[in-house]
$ cat structure.cif   # mmCIF, C-alpha atoms
data_start
loop_
_atom_site.group_PDB
_atom_site.id
_atom_site.type_symbol
_atom_site.label_atom_id
_atom_site.label_comp_id
_atom_site.auth_asym_id
_atom_site.auth_seq_id
_atom_site.Cartn_x
_atom_site.Cartn_y
_atom_site.Cartn_z
ATOM 1 C CA MET F 76 -109.203 -134.828 97.316
ATOM 2 C CA THR F 77 -110.898 -132.806 100.068
ATOM 3 C CA LYS F 78 -111.570 -133.819 103.669
ATOM 4 C CA GLU F 79 -113.952 -132.307 106.234
ATOM 5 C CA GLU F 80 -114.385 -133.020 109.966
ATOM 6 C CA HIS F 81 -117.443 -132.122 112.057
ATOM 7 C CA ASN F 82 -118.115 -132.511 115.824
ATOM 8 C CA ASP F 83 -121.589 -133.236 117.196
ATOM 9 C CA SER F 84 -121.571 -131.701 120.715
ATOM 10 C CA ALA F 85 -125.056 -132.987 121.442
ATOM 11 C CA THR F 86 -123.651 -136.385 122.284
ATOM 12 C CA THR F 87 -121.479 -137.404 125.222
ATOM 13 C CA PRO F 88 -118.707 -137.794 124.426
ATOM 14 C CA ALA F 89 -118.880 -135.616 121.287
ATOM 15 C CA THR F 90 -119.182 -137.653 118.074
ATOM 16 C CA LYS F 91 -116.684 -136.814 115.340
ATOM 17 C CA TYR F 92 -117.823 -137.188 111.734
ATOM 18 C CA LYS F 93 -115.413 -137.308 108.813
ATOM 19 C CA SER F 94 -116.333 -136.924 105.160
ATOM 20 C CA THR F 95 -114.075 -137.332 102.165
ATOM 21 C CA THR F 96 -114.780 -136.057 98.658
ATOM 22 C CA LYS F 97 -112.788 -137.327 95.700
ATOM 23 C CA VAL F 98 -112.693 -135.046 92.647
ATOM 24 C CA THR F 99 -111.848 -136.652 89.304
ATOM 25 C CA THR F 100 -110.519 -134.405 86.552
ATOM 26 C CA SER F 101 -110.714 -135.087 82.811
ATOM 27 C CA LYS F 102 -109.963 -133.334 79.547
ATOM 28 C CA ALA F 103 -112.558 -130.890 78.276
ATOM 29 C CA ASN F 104 -114.159 -131.431 74.867
ATOM 30 C CA VAL F 105 -115.700 -128.538 72.994
ATOM 31 C CA ASN F 106 -117.637 -128.530 69.733
ATOM 32 C CA LEU F 107 -116.429 -125.253 68.255
ATOM 33 C CA ASP F 108 -118.464 -125.582 65.081
ATOM 34 C CA LYS F 109 -117.313 -122.356 63.349
ATOM 35 C CA SER F 110 -116.258 -120.513 66.540
ATOM 36 C CA MET F 111 -112.950 -120.258 68.397
ATOM 37 C CA LEU F 112 -111.591 -120.103 71.950
ATOM 38 C CA TYR F 113 -110.413 -116.896 73.632
ATOM 39 C CA VAL F 114 -108.165 -116.562 76.719
ATOM 40 C CA PRO F 115 -108.936 -113.489 78.923
ATOM 41 C CA LYS F 116 -106.203 -110.957 79.635
ATOM 42 C CA GLY F 117 -103.875 -112.022 82.434
ATOM 43 C CA LYS F 118 -104.958 -115.674 82.313
ATOM 44 C CA THR F 119 -102.908 -118.683 81.183
ATOM 45 C CA LEU F 120 -104.257 -121.855 79.635
ATOM 46 C CA THR F 121 -102.553 -124.806 81.298
ATOM 47 C CA GLY F 122 -104.937 -127.656 80.610
ATOM 48 C CA SER F 123 -105.785 -129.611 77.493
ATOM 49 C CA ILE F 124 -108.943 -128.915 75.506
ATOM 50 C CA GLY F 125 -110.240 -131.351 72.913
ATOM 51 C CA VAL F 126 -112.051 -129.596 70.085
ATOM 52 C CA THR F 127 -114.293 -130.552 67.192
ATOM 53 C CA ILE F 128 -114.795 -128.272 64.183
ATOM 54 C CA SER F 129 -117.312 -128.291 61.360
ATOM 55 C CA ASP F 130 -114.984 -126.874 58.715
ATOM 56 C CA VAL F 131 -112.033 -129.019 57.647
ATOM 57 C CA PRO F 132 -109.302 -126.859 56.036
ATOM 58 C CA ASN F 133 -109.300 -127.823 52.357
ATOM 59 C CA THR F 134 -106.545 -126.129 50.398
ATOM 60 C CA SER F 135 -103.575 -127.353 48.409
ATOM 61 C CA ASP F 136 -101.181 -126.298 51.211
ATOM 62 C CA ASP F 137 -101.028 -128.587 54.240
ATOM 63 C CA ASN F 138 -100.060 -125.643 56.476
ATOM 64 C CA ASP F 139 -103.138 -123.527 55.776
ATOM 65 C CA GLY F 140 -105.572 -123.661 58.672
ATOM 66 C CA ARG F 141 -108.379 -122.122 60.649
ATOM 67 C CA PRO F 142 -107.782 -120.235 63.934
ATOM 68 C CA VAL F 143 -109.076 -121.900 67.099
ATOM 69 C CA LEU F 144 -107.293 -120.133 69.976
ATOM 70 C CA ASP F 145 -106.569 -116.423 70.562
ATOM 71 C CA PHE F 146 -106.020 -114.198 73.622
ATOM 72 C CA GLU F 147 -107.099 -110.769 74.835
ATOM 73 C CA GLY F 148 -104.564 -107.980 74.421
ATOM 74 C CA ARG F 149 -102.640 -109.763 71.695
ATOM 75 C CA THR F 150 -100.137 -107.632 69.824
ATOM 76 C CA SER F 151 -97.590 -108.504 67.179
ATOM 77 C CA GLY F 152 -94.821 -110.537 68.774
ATOM 78 C CA SER F 153 -96.460 -110.763 72.222
ATOM 79 C CA ALA F 154 -96.052 -114.064 74.056
ATOM 80 C CA ALA F 155 -99.103 -116.316 73.910
ATOM 81 C CA PRO F 156 -100.452 -117.654 77.247
ATOM 82 C CA TYR F 157 -100.755 -121.120 75.717
ATOM 83 C CA SER F 158 -99.134 -123.461 73.220
ATOM 84 C CA ALA F 159 -100.390 -125.712 70.455
ATOM 85 C CA SER F 160 -100.123 -128.660 72.869
ATOM 86 C CA ASN F 161 -103.041 -127.215 74.873
ATOM 87 C CA ILE F 162 -105.342 -128.154 71.980
ATOM 88 C CA THR F 163 -106.206 -131.688 70.883
ATOM 89 C CA THR F 164 -108.564 -132.658 68.068
ATOM 90 C CA ASP F 165 -111.226 -135.321 67.670
ATOM 91 C CA GLY F 166 -110.662 -135.716 63.924
ATOM 92 C CA ASP F 167 -108.012 -137.892 62.297
ATOM 93 C CA GLY F 168 -105.489 -135.994 60.209
ATOM 94 C CA ILE F 169 -106.260 -132.602 61.805
ATOM 95 C CA ASP F 170 -103.495 -131.154 63.973
ATOM 96 C CA PRO F 171 -103.043 -127.969 66.050
ATOM 97 C CA ARG F 172 -100.074 -125.750 65.279
ATOM 98 C CA MET F 173 -98.914 -122.223 66.062
ATOM 99 C CA GLY F 174 -99.398 -119.828 63.162
ATOM 100 C CA MET F 175 -96.937 -119.489 60.299
ATOM 101 C CA ALA F 176 -96.538 -116.263 58.345
ATOM 102 C CA THR F 177 -95.961 -118.304 55.174
ATOM 103 C CA ALA F 178 -99.356 -120.040 55.471
ATOM 104 C CA ASN F 179 -102.873 -118.657 55.034
ATOM 105 C CA VAL F 180 -106.078 -118.666 57.056
ATOM 106 C CA THR F 181 -109.085 -120.743 56.022
ATOM 107 C CA ASP F 182 -112.674 -119.608 56.526
ATOM 108 C CA GLY F 183 -115.784 -121.270 57.970
ATOM 109 C CA THR F 184 -116.154 -123.479 54.900
ATOM 110 C CA GLY F 185 -112.519 -124.645 54.794
ATOM 111 C CA THR F 186 -111.705 -122.343 51.873
ATOM 112 C CA VAL F 187 -108.395 -120.483 51.858
ATOM 113 C CA LEU F 188 -108.349 -116.713 52.348
ATOM 114 C CA SER F 189 -105.655 -114.266 51.236
ATOM 115 C CA ILE F 190 -104.837 -113.591 54.882
ATOM 116 C CA PRO F 191 -101.517 -114.735 56.402
ATOM 117 C CA GLN F 192 -101.561 -116.517 59.738
ATOM 118 C CA VAL F 193 -100.423 -114.850 62.985
ATOM 119 C CA ASP F 194 -97.606 -116.551 64.858
ATOM 120 C CA ASN F 195 -99.179 -116.359 68.344
ATOM 121 C CA LEU F 196 -102.534 -117.917 67.446
ATOM 122 C CA VAL F 197 -103.222 -121.640 67.329
ATOM 123 C CA TYR F 198 -104.554 -122.991 64.031
ATOM 124 C CA LEU F 199 -105.886 -126.370 62.997
ATOM 125 C CA ARG F 200 -104.254 -127.728 59.865
ATOM 126 C CA ALA F 201 -105.207 -130.788 57.834
ATOM 127 C CA GLN F 202 -102.843 -133.036 55.944
ATOM 128 C CA LYS F 203 -103.984 -133.400 52.343
ATOM 129 C CA TYR F 204 -104.055 -136.442 50.081
ATOM 130 C CA ASN F 205 -104.431 -136.886 46.336
ATOM 131 C CA PHE F 206 -107.583 -138.629 45.123
ATOM 132 C CA THR F 207 -108.555 -139.732 41.629
ATOM 133 C CA VAL F 208 -111.967 -140.899 40.413
ATOM 134 C CA THR F 209 -111.814 -142.607 37.020
ATOM 135 C CA TYR F 210 -114.585 -144.280 35.022
ATOM 136 C CA ILE F 211 -113.864 -147.413 32.995
ATOM 137 C CA ASP F 212 -116.082 -148.857 30.262
ATOM 138 C CA PRO F 213 -116.778 -152.629 29.896
ATOM 139 C CA ASP F 214 -113.830 -152.921 27.519
ATOM 140 C CA GLY F 215 -111.451 -151.579 30.163
ATOM 141 C CA ASN F 216 -110.967 -148.185 28.533
ATOM 142 C CA THR F 217 -110.941 -144.932 30.467
ATOM 143 C CA ILE F 218 -113.985 -142.780 29.735
ATOM 144 C CA PRO F 219 -113.087 -139.102 29.215
ATOM 145 C CA ILE F 220 -114.874 -136.766 31.608
ATOM 146 C CA ALA F 221 -116.246 -134.799 28.640
ATOM 147 C CA SER F 222 -118.036 -137.954 27.416
ATOM 148 C CA LEU F 223 -119.985 -138.318 30.651
ATOM 149 C CA THR F 224 -123.292 -136.753 31.562
ATOM 150 C CA SER F 225 -122.673 -135.745 35.142
ATOM 151 C CA GLY F 226 -124.913 -134.625 37.964
ATOM 152 C CA THR F 227 -124.052 -131.999 40.559
ATOM 153 C CA ASN F 228 -120.712 -132.933 42.089
ATOM 154 C CA THR F 229 -119.494 -131.852 45.507
ATOM 155 C CA ILE F 230 -115.728 -132.177 45.359
ATOM 156 C CA PRO F 231 -113.646 -130.791 48.252
ATOM 157 C CA GLY F 232 -110.199 -129.322 47.925
ATOM 158 C CA THR F 233 -108.588 -128.366 44.652
ATOM 159 C CA LEU F 234 -109.812 -129.997 41.443
ATOM 160 C CA ASP F 235 -107.149 -130.560 38.763
ATOM 161 C CA ALA F 236 -108.807 -129.077 35.676
ATOM 162 C CA THR F 237 -105.946 -130.267 33.453
ATOM 163 C CA ASN F 238 -106.845 -133.926 34.017
ATOM 164 C CA THR F 239 -109.479 -134.655 31.352
ATOM 165 C CA SER F 240 -109.710 -138.386 32.115
ATOM 166 C CA SER F 241 -110.516 -138.296 35.831
ATOM 167 C CA TYR F 242 -111.766 -136.219 38.718
ATOM 168 C CA ALA F 243 -108.391 -135.598 40.348
ATOM 169 C CA PHE F 244 -108.326 -133.512 43.507
ATOM 170 C CA ARG F 245 -106.360 -132.932 46.681
ATOM 171 C CA ALA F 246 -108.275 -132.889 49.951
ATOM 172 C CA ALA F 247 -108.111 -133.724 53.637
ATOM 173 C CA SER F 248 -109.229 -137.048 55.042
ATOM 174 C CA GLY F 249 -112.664 -136.697 56.596
ATOM 175 C CA SER F 250 -113.799 -134.347 53.834
ATOM 176 C CA ALA F 251 -117.283 -135.051 52.535
ATOM 177 C CA VAL F 252 -117.528 -135.908 48.847
ATOM 178 C CA ASN F 253 -120.609 -136.441 46.700
ATOM 179 C CA ILE F 254 -120.049 -137.508 43.092
ATOM 180 C CA PRO F 255 -123.276 -139.000 41.708
ATOM 181 C CA MET F 256 -122.429 -141.674 39.169
ATOM 182 C CA PRO F 257 -122.812 -140.244 35.654
ATOM 183 C CA SER F 258 -124.446 -141.714 32.609
ATOM 184 C CA TYR F 259 -122.776 -142.277 29.245
ATOM 185 C CA THR F 260 -123.350 -143.983 25.917
ATOM 186 C CA PHE F 261 -121.473 -147.250 25.346
ATOM 187 C CA ASN F 262 -121.570 -148.616 21.784
ATOM 188 C CA GLY F 263 -124.752 -146.658 21.154
ATOM 189 C CA THR F 264 -126.450 -147.867 24.342
ATOM 190 C CA PRO F 265 -127.230 -145.365 27.140
ATOM 191 C CA THR F 266 -125.622 -146.637 30.342
ATOM 192 C CA VAL F 267 -126.051 -145.451 33.926
ATOM 193 C CA PHE F 268 -123.794 -146.232 36.899
ATOM 194 C CA ASP F 269 -125.122 -146.701 40.423
ATOM 195 C CA SER F 270 -124.759 -143.662 42.712
ATOM 196 C CA ALA F 271 -122.405 -143.426 45.668
ATOM 197 C CA THR F 272 -122.044 -140.858 48.419
ATOM 198 C CA GLY F 273 -119.541 -140.933 51.258
ATOM 199 C CA ALA F 274 -116.528 -139.436 53.011
ATOM 200 C CA PHE F 275 -112.838 -140.176 52.945
ATOM 201 C CA TRP F 276 -111.690 -142.101 55.952
ATOM 202 C CA ASN F 277 -108.559 -143.639 57.387
ATOM 203 C CA ILE F 278 -107.644 -147.308 57.901
ATOM 204 C CA ASP F 279 -104.246 -148.170 59.393
ATOM 205 C CA GLY F 280 -102.724 -144.980 58.063
ATOM 206 C CA GLY F 281 -104.081 -145.402 54.541
ATOM 207 C CA ASN F 282 -106.745 -143.110 53.138
ATOM 208 C CA TYR F 283 -109.582 -144.422 50.986
#

$ encode --input "structure.cif" --output "C-alpha cells"
Amino acid sequence: MTKEEHNDSATTPATKYKSTTKVTTSKANVNLDKSMLYVPKGKTLTGSIGVTISDVPNTSDDNDGRPVLDFEGRTSGSAAPYSASNITTDGDGIDPRMGMATANVTDGTGTVLSIPQVDNLVYLRAQKYNFTVTYIDPDGNTIPIASLTSGTNTIPGTLDATNTSSYAFRAASGSAVNIPMPSYTFNGTPTVFDSATGAFWNIDGGNY
C-alpha cells in the first residue's frame, strides 16, 4: 500500500490531494519447458514460483528428477539461497525436492542419465505407478503379445520385457501414452480392435 499527498498552491486556501495505490501480490507461474531457473550471486529467493515443465521424469526410481533451480557461484557443500518449498508445480504427482546423491538426473525427455544429483539444487521428481495393458479374446482368454500385430507404440517409463502376456510398464501420472489397438486372428478370422490414445490422469488419488 502506498500513499501520496500533493498541495495545489494555486487555490486559496491550498487544496490538498491524496492518492492511494493498493498493490496486490500473487505467486509467479513460469513455463520452464526444458529450461531451469538460476539465482544470481548474492541474491536469495524468498518467494514461491509455480513452474510447468514439458518433460515428466520417467524412470523406475521415484527419486530421479530433472533440475529446475540452481544458483551462481555454487560449489560442493555450499548453502543454497533457496529451498525446495520455493518451488511449486502445476502438475499432479510432480514434487520439488533438494537433490539426493543416491538418485540420478533426468534429461529433457524424462530419460534417466548416469549423472548423480547435487544436494544443493532443486529437482522435480515424479511418483511412478505400475500399469498393465492386456488384450482378451471373445472367449475371455489372454492374448499373448507375440500373437498380436502391433502398430508403433509410445510407452513411457520402463517396459517389463519379461511379461509376454501384457504391456506392463512403470510410469508417472500425466505421462502421454499411445498404444494403437493391434490386430490378431481369432479362430481363423482377422480381428481388429478400435484405437485409443490418451494420457494417464488422477481421480481422487487413483491413477487410471

$ closest_residue --input "structure.cif" --among "F:Asn238, F:Asn179, F:Ser250, F:Asn161" --to "F:Ser129" --atoms "only C-alpha atoms"
F:Ser250

$ closest_residue --input "structure.cif" --among "F:Phe261, F:Phe146, F:Tyr157, F:Tyr210" --to "F:Ser123" --atoms "only C-alpha atoms"
F:Tyr157

$ atom_distance --input "structure.cif" --atom1 "atom CA of F:Ala154" --atom2 "atom CA of F:Val131"
27.4 Å

$ closest_residue --input "structure.cif" --among "F:Ser222, F:Thr150, F:Thr177, F:Thr266" --to "F:Gln192" --atoms "all atoms listed in the file"
F:Thr177

$ residues_around --input "structure.cif" --residues "F:Ala247" --least-positions-apart "3" --cutoff "6 Å" --atoms "all atoms listed in the file" --output "number ranges by chain"
F: 201-203, 250

$ decode --input "structure.cif" --residues "stretch 95-202 of chain F" --atoms "C-alpha atoms" --output "PDB file, in the first residue's frame"
ATOM      1  CA  THR F  95      -3.715   5.782  -2.508  1.00  0.00           C
ATOM      2  CA  THR F  96      -2.348   2.880  -4.540  1.00  0.00           C
ATOM      3  CA  LYS F  97      -3.006  -0.698  -3.491  1.00  0.00           C
ATOM      4  CA  VAL F  98      -0.537  -3.298  -4.781  1.00  0.00           C
ATOM      5  CA  THR F  99      -1.712  -6.915  -4.876  1.00  0.00           C
ATOM      6  CA  THR F 100       0.935  -9.631  -4.914  1.00  0.00           C
ATOM      7  CA  SER F 101       0.498 -13.170  -6.251  1.00  0.00           C
ATOM      8  CA  LYS F 102       2.589 -16.247  -6.921  1.00  0.00           C
ATOM      9  CA  ALA F 103       4.586 -16.295 -10.136  1.00  0.00           C
ATOM     10  CA  ASN F 104       3.998 -19.055 -12.688  1.00  0.00           C
ATOM     11  CA  VAL F 105       6.677 -19.947 -15.196  1.00  0.00           C
ATOM     12  CA  ASN F 106       6.553 -22.389 -18.095  1.00  0.00           C
ATOM     13  CA  LEU F 107      10.096 -23.737 -17.974  1.00  0.00           C
ATOM     14  CA  ASP F 108       9.618 -26.110 -20.883  1.00  0.00           C
ATOM     15  CA  LYS F 109      13.117 -27.685 -20.894  1.00  0.00           C
ATOM     16  CA  SER F 110      14.894 -24.788 -19.122  1.00  0.00           C
ATOM     17  CA  MET F 111      15.633 -24.066 -15.462  1.00  0.00           C
ATOM     18  CA  LEU F 112      15.786 -21.144 -13.027  1.00  0.00           C
ATOM     19  CA  TYR F 113      19.029 -19.525 -11.859  1.00  0.00           C
ATOM     20  CA  VAL F 114      19.558 -17.301  -8.782  1.00  0.00           C
ATOM     21  CA  PRO F 115      22.266 -14.587  -9.228  1.00  0.00           C
ATOM     22  CA  LYS F 116      25.209 -14.462  -6.838  1.00  0.00           C
ATOM     23  CA  GLY F 117      24.404 -12.715  -3.570  1.00  0.00           C
ATOM     24  CA  LYS F 118      20.632 -12.957  -4.055  1.00  0.00           C
ATOM     25  CA  THR F 119      18.150 -15.061  -2.069  1.00  0.00           C
ATOM     26  CA  LEU F 120      14.900 -16.495  -3.356  1.00  0.00           C
ATOM     27  CA  THR F 121      12.210 -15.861  -0.759  1.00  0.00           C
ATOM     28  CA  GLY F 122       9.020 -16.116  -2.768  1.00  0.00           C
ATOM     29  CA  SER F 123       7.168 -19.025  -4.305  1.00  0.00           C
ATOM     30  CA  ILE F 124       7.398 -19.793  -8.015  1.00  0.00           C
ATOM     31  CA  GLY F 125       4.953 -22.129  -9.719  1.00  0.00           C
ATOM     32  CA  VAL F 126       6.534 -23.979 -12.624  1.00  0.00           C
ATOM     33  CA  THR F 127       5.382 -26.103 -15.533  1.00  0.00           C
ATOM     34  CA  ILE F 128       7.736 -28.473 -17.364  1.00  0.00           C
ATOM     35  CA  SER F 129       7.446 -30.322 -20.650  1.00  0.00           C
ATOM     36  CA  ASP F 130       9.461 -33.365 -19.596  1.00  0.00           C
ATOM     37  CA  VAL F 131       7.990 -35.587 -16.885  1.00  0.00           C
ATOM     38  CA  PRO F 132      10.734 -37.691 -15.223  1.00  0.00           C
ATOM     39  CA  ASN F 133      10.053 -41.270 -16.313  1.00  0.00           C
ATOM     40  CA  THR F 134      12.371 -43.769 -14.674  1.00  0.00           C
ATOM     41  CA  SER F 135      11.871 -46.743 -12.397  1.00  0.00           C
ATOM     42  CA  ASP F 136      13.155 -44.739  -9.392  1.00  0.00           C
ATOM     43  CA  ASP F 137      10.725 -42.240  -7.877  1.00  0.00           C
ATOM     44  CA  ASN F 138      13.631 -40.068  -6.677  1.00  0.00           C
ATOM     45  CA  ASP F 139      15.176 -39.470 -10.097  1.00  0.00           C
ATOM     46  CA  GLY F 140      14.380 -35.992 -11.362  1.00  0.00           C
ATOM     47  CA  ARG F 141      15.219 -33.040 -13.540  1.00  0.00           C
ATOM     48  CA  PRO F 142      16.945 -29.902 -12.168  1.00  0.00           C
ATOM     49  CA  VAL F 143      14.844 -26.734 -12.048  1.00  0.00           C
ATOM     50  CA  LEU F 144      16.705 -24.372  -9.694  1.00  0.00           C
ATOM     51  CA  ASP F 145      20.434 -23.572  -9.395  1.00  0.00           C
ATOM     52  CA  PHE F 146      22.499 -20.586  -8.197  1.00  0.00           C
ATOM     53  CA  GLU F 147      25.567 -18.659  -9.317  1.00  0.00           C
ATOM     54  CA  GLY F 148      28.806 -19.495  -7.530  1.00  0.00           C
ATOM     55  CA  ARG F 149      27.616 -22.899  -6.387  1.00  0.00           C
ATOM     56  CA  THR F 150      30.307 -25.177  -5.020  1.00  0.00           C
ATOM     57  CA  SER F 151      30.121 -28.586  -3.411  1.00  0.00           C
ATOM     58  CA  GLY F 152      28.535 -28.235   0.011  1.00  0.00           C
ATOM     59  CA  SER F 153      27.760 -24.504  -0.316  1.00  0.00           C
ATOM     60  CA  ALA F 154      24.473 -23.341   1.188  1.00  0.00           C
ATOM     61  CA  ALA F 155      21.703 -22.797  -1.349  1.00  0.00           C
ATOM     62  CA  PRO F 156      19.900 -19.407  -1.271  1.00  0.00           C
ATOM     63  CA  TYR F 157      16.558 -21.197  -1.536  1.00  0.00           C
ATOM     64  CA  SER F 158      14.748 -24.361  -0.511  1.00  0.00           C
ATOM     65  CA  ALA F 159      12.504 -26.848  -2.264  1.00  0.00           C
ATOM     66  CA  SER F 160       9.494 -25.049  -0.749  1.00  0.00           C
ATOM     67  CA  ASN F 161      10.218 -22.049  -3.007  1.00  0.00           C
ATOM     68  CA  ILE F 162       9.072 -24.153  -5.974  1.00  0.00           C
ATOM     69  CA  THR F 163       5.526 -25.366  -6.603  1.00  0.00           C
ATOM     70  CA  THR F 164       4.334 -27.382  -9.593  1.00  0.00           C
ATOM     71  CA  ASP F 165       1.253 -27.252 -11.791  1.00  0.00           C
ATOM     72  CA  GLY F 166       1.239 -30.999 -12.468  1.00  0.00           C
ATOM     73  CA  ASP F 167      -0.278 -33.654 -10.220  1.00  0.00           C
ATOM     74  CA  GLY F 168       2.205 -36.174  -8.871  1.00  0.00           C
ATOM     75  CA  ILE F 169       5.268 -33.990  -9.572  1.00  0.00           C
ATOM     76  CA  ASP F 170       7.052 -32.648  -6.495  1.00  0.00           C
ATOM     77  CA  PRO F 171      10.109 -30.430  -5.865  1.00  0.00           C
ATOM     78  CA  ARG F 172      12.895 -31.813  -3.708  1.00  0.00           C
ATOM     79  CA  MET F 173      16.513 -30.991  -2.908  1.00  0.00           C
ATOM     80  CA  GLY F 174      18.975 -33.248  -4.703  1.00  0.00           C
ATOM     81  CA  MET F 175      19.973 -36.678  -3.434  1.00  0.00           C
ATOM     82  CA  ALA F 176      23.349 -38.222  -4.217  1.00  0.00           C
ATOM     83  CA  THR F 177      21.684 -41.648  -4.436  1.00  0.00           C
ATOM     84  CA  ALA F 178      19.324 -40.510  -7.223  1.00  0.00           C
ATOM     85  CA  ASN F 179      20.049 -39.619 -10.849  1.00  0.00           C
ATOM     86  CA  VAL F 180      19.293 -36.699 -13.144  1.00  0.00           C
ATOM     87  CA  THR F 181      16.768 -36.980 -15.966  1.00  0.00           C
ATOM     88  CA  ASP F 182      17.169 -35.215 -19.305  1.00  0.00           C
ATOM     89  CA  GLY F 183      14.853 -33.082 -21.452  1.00  0.00           C
ATOM     90  CA  THR F 184      12.839 -36.133 -22.491  1.00  0.00           C
ATOM     91  CA  GLY F 185      12.387 -37.544 -18.970  1.00  0.00           C
ATOM     92  CA  THR F 186      15.004 -40.247 -19.552  1.00  0.00           C
ATOM     93  CA  VAL F 187      17.449 -41.076 -16.769  1.00  0.00           C
ATOM     94  CA  LEU F 188      21.116 -40.142 -17.140  1.00  0.00           C
ATOM     95  CA  SER F 189      24.098 -41.728 -15.388  1.00  0.00           C
ATOM     96  CA  ILE F 190      24.653 -38.479 -13.504  1.00  0.00           C
ATOM     97  CA  PRO F 191      24.048 -38.259  -9.732  1.00  0.00           C
ATOM     98  CA  GLN F 192      22.055 -35.344  -8.375  1.00  0.00           C
ATOM     99  CA  VAL F 193      23.671 -32.443  -6.480  1.00  0.00           C
ATOM    100  CA  ASP F 194      22.400 -31.803  -2.971  1.00  0.00           C
ATOM    101  CA  ASN F 195      22.044 -28.004  -3.288  1.00  0.00           C
ATOM    102  CA  LEU F 196      19.951 -27.979  -6.467  1.00  0.00           C
ATOM    103  CA  VAL F 197      16.184 -28.352  -6.574  1.00  0.00           C
ATOM    104  CA  TYR F 198      14.845 -31.198  -8.714  1.00  0.00           C
ATOM    105  CA  LEU F 199      11.359 -32.182  -9.780  1.00  0.00           C
ATOM    106  CA  ARG F 200      10.558 -35.819  -9.110  1.00  0.00           C
ATOM    107  CA  ALA F 201       7.527 -37.819 -10.210  1.00  0.00           C
ATOM    108  CA  GLN F 202       5.905 -40.638  -8.305  1.00  0.00           C
TER     109      GLN F 202
END
